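A.B. asks: File protein.cif below, mmCIF, N, CA and C atoms:
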```cif
data_structure
loop_
_atom_site.label_atom_id
_atom_site.label_comp_id
_atom_site.auth_asym_id
_atom_site.auth_seq_id
_atom_site.Cartn_x
_atom_site.Cartn_y
_atom_site.Cartn_z
N MET A 224 162.52 59.52 66.61
CA MET A 224 162.69 58.34 65.78
C MET A 224 162.13 58.57 64.38
N PHE A 225 160.96 59.19 64.27
CA PHE A 225 160.29 59.29 62.98
C PHE A 225 160.39 60.67 62.34
N GLY A 226 160.90 61.66 63.04
CA GLY A 226 161.06 62.99 62.46
C GLY A 226 159.85 63.88 62.63
N VAL A 227 158.66 63.35 62.38
CA VAL A 227 157.42 64.09 62.54
C VAL A 227 157.08 64.16 64.03
N VAL A 228 156.56 65.30 64.45
CA VAL A 228 156.10 65.42 65.83
C VAL A 228 154.62 65.07 65.88
N PHE A 229 154.29 64.10 66.72
CA PHE A 229 152.91 63.67 66.90
C PHE A 229 152.44 64.05 68.30
N GLY A 230 151.15 64.30 68.41
CA GLY A 230 150.54 64.55 69.71
C GLY A 230 149.71 63.35 70.12
N TYR A 231 149.61 63.13 71.43
CA TYR A 231 148.82 62.04 71.99
C TYR A 231 148.00 62.61 73.14
N ALA A 232 146.71 62.43 73.05
CA ALA A 232 145.80 62.91 74.10
C ALA A 232 144.75 61.84 74.33
N THR A 233 143.90 62.06 75.32
CA THR A 233 142.79 61.14 75.55
C THR A 233 141.49 61.93 75.61
N HIS A 234 140.42 61.22 75.38
CA HIS A 234 139.08 61.82 75.39
C HIS A 234 138.16 60.90 76.17
N HIS A 235 137.21 61.48 76.86
CA HIS A 235 136.26 60.73 77.67
C HIS A 235 134.90 60.69 76.97
N LEU A 236 134.33 59.52 76.85
CA LEU A 236 133.02 59.40 76.20
C LEU A 236 131.85 59.52 77.17
N ASP A 237 132.13 59.44 78.47
CA ASP A 237 131.03 59.55 79.43
C ASP A 237 131.54 60.18 80.73
N GLU A 238 130.67 60.26 81.71
CA GLU A 238 130.97 60.95 82.97
C GLU A 238 132.03 60.25 83.82
N ARG A 239 132.40 59.03 83.48
CA ARG A 239 133.44 58.34 84.26
C ARG A 239 134.81 58.98 84.06
N ARG A 240 135.00 59.67 82.94
CA ARG A 240 136.24 60.39 82.63
C ARG A 240 137.47 59.49 82.72
N ILE A 241 137.39 58.34 82.06
CA ILE A 241 138.50 57.38 82.12
C ILE A 241 139.42 57.44 80.90
N GLY A 242 139.21 58.38 80.00
CA GLY A 242 140.09 58.50 78.85
C GLY A 242 140.04 57.29 77.96
N ASP A 243 138.83 56.84 77.65
CA ASP A 243 138.68 55.60 76.89
C ASP A 243 139.02 55.73 75.41
N VAL A 244 139.23 56.95 74.92
CA VAL A 244 139.60 57.16 73.53
C VAL A 244 141.01 57.76 73.47
N ALA A 245 141.88 57.13 72.69
CA ALA A 245 143.22 57.67 72.43
C ALA A 245 143.10 58.57 71.19
N ILE A 246 143.74 59.72 71.24
CA ILE A 246 143.76 60.66 70.12
C ILE A 246 145.21 60.82 69.70
N ILE A 247 145.52 60.55 68.44
CA ILE A 247 146.89 60.70 67.94
C ILE A 247 146.84 61.42 66.60
N GLY A 248 147.70 62.40 66.45
CA GLY A 248 147.77 63.12 65.19
C GLY A 248 149.06 63.90 65.06
N PRO A 249 149.43 64.23 63.84
CA PRO A 249 150.65 65.00 63.62
C PRO A 249 150.49 66.45 64.06
N LEU A 250 151.57 67.00 64.59
CA LEU A 250 151.62 68.41 64.96
C LEU A 250 152.55 69.19 64.04
N SER A 251 153.44 68.50 63.32
CA SER A 251 154.37 69.17 62.42
C SER A 251 153.61 69.83 61.27
N PRO A 252 153.92 71.09 60.96
CA PRO A 252 153.24 71.78 59.86
C PRO A 252 153.40 71.03 58.54
N GLY A 253 152.32 70.96 57.79
CA GLY A 253 152.35 70.33 56.47
C GLY A 253 152.21 68.82 56.48
N VAL A 254 152.14 68.21 57.65
CA VAL A 254 152.00 66.76 57.75
C VAL A 254 150.53 66.45 58.05
N GLU A 255 149.94 65.58 57.27
CA GLU A 255 148.54 65.22 57.42
C GLU A 255 148.41 63.86 58.10
N TRP A 256 147.25 63.59 58.69
CA TRP A 256 147.03 62.36 59.46
C TRP A 256 147.26 61.06 58.69
N PRO A 257 147.04 60.97 57.36
CA PRO A 257 147.31 59.69 56.69
C PRO A 257 148.77 59.24 56.81
N ARG A 258 149.68 60.18 57.07
CA ARG A 258 151.09 59.83 57.24
C ARG A 258 151.26 58.86 58.41
N LEU A 259 150.48 59.04 59.46
CA LEU A 259 150.55 58.14 60.61
C LEU A 259 150.17 56.72 60.22
N TRP A 260 149.12 56.58 59.44
CA TRP A 260 148.69 55.25 58.98
C TRP A 260 149.71 54.64 58.03
N GLN A 261 150.34 55.47 57.21
CA GLN A 261 151.37 54.98 56.31
C GLN A 261 152.57 54.47 57.11
N MET A 262 152.94 55.21 58.15
CA MET A 262 154.05 54.77 59.00
C MET A 262 153.73 53.42 59.66
N ALA A 263 152.51 53.29 60.15
CA ALA A 263 152.11 52.02 60.78
C ALA A 263 152.17 50.88 59.76
N ARG A 264 151.71 51.14 58.55
CA ARG A 264 151.74 50.12 57.50
C ARG A 264 153.19 49.74 57.18
N ASN A 265 154.07 50.72 57.08
CA ASN A 265 155.48 50.46 56.74
C ASN A 265 156.23 49.75 57.87
N CYS A 266 155.88 50.03 59.12
CA CYS A 266 156.60 49.47 60.26
C CYS A 266 155.96 48.19 60.80
N GLY A 267 154.69 48.00 60.51
CA GLY A 267 153.98 46.83 61.03
C GLY A 267 154.09 45.63 60.11
N ARG A 268 153.35 44.59 60.46
CA ARG A 268 153.32 43.40 59.62
C ARG A 268 152.65 43.73 58.29
N SER A 269 153.12 43.14 57.23
CA SER A 269 152.56 43.43 55.91
C SER A 269 151.11 42.99 55.78
N THR A 270 150.69 42.04 56.61
CA THR A 270 149.31 41.55 56.54
C THR A 270 148.41 42.17 57.62
N ALA A 271 148.92 43.17 58.35
CA ALA A 271 148.16 43.77 59.45
C ALA A 271 146.90 44.45 58.94
N GLY A 272 145.82 44.24 59.67
CA GLY A 272 144.56 44.92 59.38
C GLY A 272 144.50 46.25 60.10
N GLU A 273 143.40 46.95 59.91
CA GLU A 273 143.22 48.28 60.48
C GLU A 273 143.35 48.29 62.01
N THR A 274 142.78 47.31 62.67
CA THR A 274 142.85 47.27 64.14
C THR A 274 144.28 47.08 64.61
N GLU A 275 145.00 46.19 63.97
CA GLU A 275 146.40 45.97 64.36
C GLU A 275 147.25 47.21 64.11
N LEU A 276 147.00 47.90 63.02
CA LEU A 276 147.73 49.13 62.75
C LEU A 276 147.42 50.19 63.80
N ALA A 277 146.15 50.28 64.19
CA ALA A 277 145.75 51.23 65.24
C ALA A 277 146.43 50.87 66.56
N GLN A 278 146.53 49.60 66.86
CA GLN A 278 147.21 49.18 68.09
C GLN A 278 148.70 49.50 68.02
N TRP A 279 149.31 49.38 66.85
CA TRP A 279 150.71 49.74 66.70
C TRP A 279 150.90 51.22 67.02
N MET A 280 150.01 52.07 66.49
CA MET A 280 150.11 53.51 66.76
C MET A 280 149.98 53.81 68.24
N LEU A 281 149.00 53.18 68.88
CA LEU A 281 148.80 53.41 70.31
C LEU A 281 149.99 52.90 71.12
N ALA A 282 150.55 51.77 70.72
CA ALA A 282 151.73 51.24 71.41
C ALA A 282 152.91 52.21 71.29
N GLN A 283 153.10 52.82 70.11
CA GLN A 283 154.19 53.77 69.92
C GLN A 283 153.98 55.01 70.79
N ALA A 284 152.75 55.52 70.83
CA ALA A 284 152.46 56.70 71.65
C ALA A 284 152.67 56.40 73.13
N THR A 285 152.20 55.25 73.57
CA THR A 285 152.36 54.85 74.97
C THR A 285 153.83 54.66 75.30
N ARG A 286 154.55 54.01 74.41
CA ARG A 286 155.99 53.78 74.61
C ARG A 286 156.74 55.11 74.72
N ALA A 287 156.40 56.06 73.87
CA ALA A 287 157.06 57.36 73.91
C ALA A 287 156.81 58.06 75.24
N CYS A 288 155.59 57.95 75.75
CA CYS A 288 155.28 58.59 77.04
C CYS A 288 155.99 57.90 78.19
N VAL A 289 156.10 56.58 78.13
CA VAL A 289 156.74 55.83 79.21
C VAL A 289 158.26 55.97 79.16
N CYS A 290 158.84 55.82 77.97
CA CYS A 290 160.29 55.85 77.82
C CYS A 290 160.84 57.27 77.78
N GLY A 291 160.05 58.19 77.24
CA GLY A 291 160.48 59.57 77.14
C GLY A 291 161.56 59.77 76.09
N SER A 292 161.84 60.99 75.81
CA SER A 292 162.92 61.38 74.90
C SER A 292 163.02 62.90 74.97
N ASP A 293 163.97 63.44 74.23
CA ASP A 293 164.10 64.90 74.22
C ASP A 293 162.95 65.57 73.47
N ARG A 294 162.11 64.79 72.80
CA ARG A 294 161.00 65.35 72.04
C ARG A 294 159.66 65.19 72.76
N ILE A 295 159.67 64.67 73.98
CA ILE A 295 158.43 64.44 74.71
C ILE A 295 158.16 65.64 75.61
N ALA A 296 156.95 66.15 75.53
CA ALA A 296 156.53 67.24 76.41
C ALA A 296 155.18 66.86 77.01
N GLN A 297 155.09 66.89 78.31
CA GLN A 297 153.82 66.65 78.99
C GLN A 297 153.12 68.01 79.14
N LEU A 298 151.94 68.12 78.58
CA LEU A 298 151.23 69.39 78.58
C LEU A 298 149.84 69.21 79.17
N PRO A 299 149.74 68.96 80.47
CA PRO A 299 148.45 68.61 81.06
C PRO A 299 147.40 69.72 80.98
N GLU A 300 147.81 70.96 80.90
CA GLU A 300 146.85 72.07 80.90
C GLU A 300 146.58 72.62 79.50
N GLN A 301 147.23 72.07 78.50
CA GLN A 301 147.06 72.60 77.15
C GLN A 301 145.72 72.17 76.56
N GLU A 302 145.14 73.04 75.77
CA GLU A 302 143.94 72.71 75.01
C GLU A 302 144.37 72.09 73.69
N TRP A 303 143.69 71.05 73.27
CA TRP A 303 143.97 70.42 71.98
C TRP A 303 142.68 70.33 71.19
N LYS A 304 142.85 70.22 69.87
CA LYS A 304 141.70 70.13 68.98
C LYS A 304 142.03 69.14 67.87
N LEU A 305 141.11 68.21 67.64
CA LEU A 305 141.23 67.26 66.54
C LEU A 305 140.33 67.74 65.43
N ASP A 306 140.92 68.03 64.28
CA ASP A 306 140.14 68.53 63.14
C ASP A 306 139.16 67.46 62.65
N PRO A 307 138.06 67.88 62.05
CA PRO A 307 137.12 66.91 61.46
C PRO A 307 137.82 66.06 60.39
N GLY A 308 137.31 64.88 60.18
CA GLY A 308 137.94 63.95 59.23
C GLY A 308 138.72 62.92 60.02
N GLY A 309 139.75 62.42 59.46
CA GLY A 309 140.56 61.44 60.16
C GLY A 309 139.94 60.05 60.09
N LYS A 310 140.44 59.19 60.96
CA LYS A 310 139.98 57.80 60.98
C LYS A 310 139.77 57.39 62.42
N ARG A 311 138.70 56.62 62.65
CA ARG A 311 138.38 56.13 63.99
C ARG A 311 138.30 54.62 63.98
N VAL A 312 138.90 54.02 65.00
CA VAL A 312 138.90 52.56 65.12
C VAL A 312 138.43 52.21 66.53
N ARG A 313 137.52 51.27 66.60
CA ARG A 313 137.08 50.74 67.90
C ARG A 313 137.71 49.37 68.08
N PHE A 314 138.39 49.17 69.21
CA PHE A 314 139.04 47.90 69.48
C PHE A 314 138.02 46.87 69.95
N ASP A 315 138.25 45.61 69.61
CA ASP A 315 137.37 44.53 70.05
C ASP A 315 137.40 44.37 71.57
N SER A 316 138.55 44.64 72.16
CA SER A 316 138.68 44.64 73.61
C SER A 316 139.66 45.76 73.96
N THR A 317 139.66 46.18 75.20
CA THR A 317 140.51 47.28 75.63
C THR A 317 141.97 46.97 75.31
N TYR A 318 142.66 47.96 74.76
CA TYR A 318 144.07 47.83 74.40
C TYR A 318 144.81 49.03 74.99
N ALA A 319 145.84 48.78 75.78
CA ALA A 319 146.61 49.85 76.42
C ALA A 319 145.68 50.82 77.16
N ASN A 320 144.69 50.27 77.82
CA ASN A 320 143.71 51.03 78.59
C ASN A 320 142.83 51.95 77.75
N ARG A 321 142.72 51.69 76.48
CA ARG A 321 141.86 52.48 75.59
C ARG A 321 140.93 51.55 74.83
N ASP A 322 139.73 52.03 74.56
CA ASP A 322 138.74 51.27 73.80
C ASP A 322 138.70 51.66 72.33
N ARG A 323 139.21 52.83 72.03
CA ARG A 323 139.15 53.36 70.66
C ARG A 323 140.39 54.19 70.37
N LEU A 324 140.66 54.35 69.08
CA LEU A 324 141.69 55.27 68.62
C LEU A 324 141.08 56.17 67.56
N TRP A 325 141.28 57.46 67.75
CA TRP A 325 140.89 58.44 66.74
C TRP A 325 142.17 59.10 66.24
N THR A 326 142.35 59.11 64.93
CA THR A 326 143.50 59.81 64.35
C THR A 326 142.98 60.93 63.46
N GLY A 327 143.76 61.96 63.37
CA GLY A 327 143.40 63.11 62.53
C GLY A 327 144.44 64.19 62.70
N ASN A 328 144.20 65.32 62.09
CA ASN A 328 145.11 66.45 62.24
C ASN A 328 144.84 67.09 63.60
N LEU A 329 145.88 67.21 64.38
CA LEU A 329 145.79 67.65 65.76
C LEU A 329 146.44 69.01 65.91
N ALA A 330 145.86 69.85 66.75
CA ALA A 330 146.45 71.15 67.08
C ALA A 330 146.47 71.28 68.60
N VAL A 331 147.57 71.80 69.13
CA VAL A 331 147.72 72.01 70.56
C VAL A 331 148.09 73.48 70.77
N GLU A 332 147.33 74.14 71.63
CA GLU A 332 147.56 75.55 71.92
C GLU A 332 148.94 75.78 72.52
N GLY A 333 149.58 76.86 72.09
CA GLY A 333 150.78 77.33 72.75
C GLY A 333 152.08 76.65 72.38
N LEU A 334 152.09 75.76 71.40
CA LEU A 334 153.35 75.13 71.00
C LEU A 334 154.14 76.08 70.10
N THR A 335 155.44 76.08 70.26
CA THR A 335 156.30 76.94 69.45
C THR A 335 156.65 76.22 68.15
N PRO A 336 157.04 76.98 67.12
CA PRO A 336 157.45 76.33 65.86
C PRO A 336 158.57 75.31 66.05
N ASP A 337 159.49 75.57 66.97
CA ASP A 337 160.58 74.63 67.21
C ASP A 337 160.06 73.32 67.82
N GLN A 338 159.03 73.39 68.64
CA GLN A 338 158.48 72.19 69.26
C GLN A 338 157.82 71.26 68.25
N VAL A 339 157.30 71.80 67.17
CA VAL A 339 156.56 70.97 66.20
C VAL A 339 157.31 70.78 64.88
N ALA A 340 158.52 71.32 64.78
CA ALA A 340 159.28 71.21 63.54
C ALA A 340 159.69 69.76 63.28
N GLU A 341 159.51 69.35 62.03
CA GLU A 341 159.94 68.01 61.63
C GLU A 341 161.46 67.97 61.64
N ARG A 342 162.01 66.85 62.11
CA ARG A 342 163.46 66.68 62.21
C ARG A 342 163.94 65.64 61.20
N PRO A 343 165.23 65.68 60.84
CA PRO A 343 165.76 64.64 59.96
C PRO A 343 165.59 63.27 60.62
N THR A 344 165.38 62.26 59.81
CA THR A 344 165.15 60.91 60.33
C THR A 344 165.69 59.87 59.37
N LEU A 345 165.93 58.69 59.89
CA LEU A 345 166.32 57.56 59.05
C LEU A 345 165.09 56.86 58.49
N TYR A 346 163.95 57.11 59.14
CA TYR A 346 162.69 56.49 58.73
C TYR A 346 162.24 57.06 57.39
N ASP A 347 161.79 56.20 56.52
CA ASP A 347 161.27 56.61 55.23
C ASP A 347 159.76 56.44 55.21
N ALA A 348 159.03 57.53 55.12
CA ALA A 348 157.56 57.42 55.08
C ALA A 348 157.18 56.97 53.72
#
```
Show how you would write the structure in this file as structure tokens.
C.D. replies:
Amino acid sequence: MFGVVFGYATHHLDERRIGDVAIIGPLSPGVEWPRLWQMARNCGRSTAGETELAQWMLAQATRACVCGSDRIAQLPEQEWKLDPGGKRVRFDSTYANRDRLWTGNLAVEGLTPDQVAERPTLYDA
């Protein structure tokens, strides 16, 4: 839908290992994490605050995993890394089974250039 390939992972803050933090970031080369926030701003309500924008991002990631597409790959054994920087949002209450969203530049081991290549899109960032 958006052309850019994004990754979605979870992180555990304690020994319960419930994936209370959602991690979302671009995987396409040359795309930086602020692009995700810009997309949320462009697609969301014009008056949306940071929390609502974060919820929009999490809803899109969850929807992509549930609905699937030819661009969805489940990589349960892959190692991922979120680069320092980015933006972190803590939700007032649990949203889509997550308490927080961390966005930043994401890297996933073993992805091919074709898997992360940006595709043509109708969406305008």
A.B. asks: So the first atom is atom C of Ala282 of chain A and the second is atom C of Trp303 of chain A; what is the distance between them in Å, to one decimal place?
C.D. replies: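 Interatomic distance here is 20.8 Å.
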A.B. asks: From the DSSP assignment of the backbone, select every residue of segment 224-344 of chain A that is alpha helix (DSSP H), and format the answer as a VMD selection string.
C.D. replies: chain A and resid 257 to 266 273 to 290 336 to 339
A.B. asks: When distances are computed from only C-alpha atoms, which of A:Leu236, A:Ala340, A:Leu281, A:Gly333 shows the smallest separation from Leu259 of chain A?
C.D. replies: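 Among the listed residues, the smallest separation from Leu259 of chain A belongs to A:Leu281.
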A.B. asks: Starting from the PyMOL selection byres (((chain A and resi 266 and name CA) around 12) and name CA), expand the selection into actual residues of this file and give them as a PyMOL selection string.
C.D. replies: chain A and resi 225+259-265+267-271+275-276+279-280+283+346-348
A.B. asks: Expressed in Å to a single decimal, how great is the separation between atom CA of Cys288 of chain A and atom CA of Pro307 of chain A?
C.D. replies: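 Going from atom CA of Cys288 of chain A over to atom CA of Pro307 of chain A, I get 25.3 Å.
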A.B. asks: I want to know what sits within 6.5 Å of Val312 of chain A, based on all atoms listed in the file, with residues of the same chain fewer than 2 positions away left out; could you give that as a PyMOL selection string?
C.D. replies: chain A and resi 310+314+322-326
A.B. asks: Could those selected residues go to a file with N, CA and C atoms, as a PDB file, in the coordinates of the input?
C.D. replies:
```pdb
ATOM      1  N   LYS A 310     140.440  59.190  60.960  1.00  0.00           N
ATOM      2  CA  LYS A 310     139.980  57.800  60.980  1.00  0.00           C
ATOM      3  C   LYS A 310     139.770  57.390  62.420  1.00  0.00           C
ATOM      4  N   PHE A 314     138.390  49.170  69.210  1.00  0.00           N
ATOM      5  CA  PHE A 314     139.040  47.900  69.480  1.00  0.00           C
ATOM      6  C   PHE A 314     138.020  46.870  69.950  1.00  0.00           C
ATOM      7  N   ASP A 322     139.730  52.030  74.560  1.00  0.00           N
ATOM      8  CA  ASP A 322     138.740  51.270  73.800  1.00  0.00           C
ATOM      9  C   ASP A 322     138.700  51.660  72.330  1.00  0.00           C
ATOM     10  N   ARG A 323     139.210  52.830  72.030  1.00  0.00           N
ATOM     11  CA  ARG A 323     139.150  53.360  70.660  1.00  0.00           C
ATOM     12  C   ARG A 323     140.390  54.190  70.370  1.00  0.00           C
ATOM     13  N   LEU A 324     140.660  54.350  69.080  1.00  0.00           N
ATOM     14  CA  LEU A 324     141.690  55.270  68.620  1.00  0.00           C
ATOM     15  C   LEU A 324     141.080  56.170  67.560  1.00  0.00           C
ATOM     16  N   TRP A 325     141.280  57.460  67.750  1.00  0.00           N
ATOM     17  CA  TRP A 325     140.890  58.440  66.740  1.00  0.00           C
ATOM     18  C   TRP A 325     142.170  59.100  66.240  1.00  0.00           C
ATOM     19  N   THR A 326     142.350  59.110  64.930  1.00  0.00           N
ATOM     20  CA  THR A 326     143.500  59.810  64.350  1.00  0.00           C
ATOM     21  C   THR A 326     142.980  60.930  63.460  1.00  0.00           C
TER      22      THR A 326
END
```
A.B. asks: Check the smallest atom-to-atom distance from each of A:Ala277, A:Lys304, A:Pro252, A:Glu238 to Val331 of chain A using only N, CA and C atoms, then report the winner.
C.D. replies: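 Using only N, CA and C atoms, the shortest distance to Val331 of chain A belongs to A:Lys304.
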A.B. asks: Taking the file as shown, what set of residues would the PyMOL selection byres (((chain A and resi 337 and name CA) around 12) and name CA) give back, as a PyMOL selection string?
C.D. replies: chain A and resi 227-228+250-252+294+333-336+338-342
A.B. asks: Which residue, A:Thr274, A:Gln301, A:Thr233, A:Thr285, has the smallest gap to Glu332 of chain A when you use only N, CA and C atoms?
C.D. replies: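 Among the listed residues, the smallest separation from Glu332 of chain A belongs to A:Gln301.
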A.B. asks: Please compute the atom CA of Asn328 of chain A-atom N of Pro249 of chain A distance, one decimal, in Å.
C.D. replies: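 Interatomic distance, atom CA of Asn328 of chain A to atom N of Pro249 of chain A: 5.1 Å.
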A.B. asks: Using all atoms listed in the file for the distances, tell me which of A:Pro343, A:Gly242, A:Gly327, A:Gly226 is nearest to Asp306 of chain A.
C.D. replies: A:Gly327
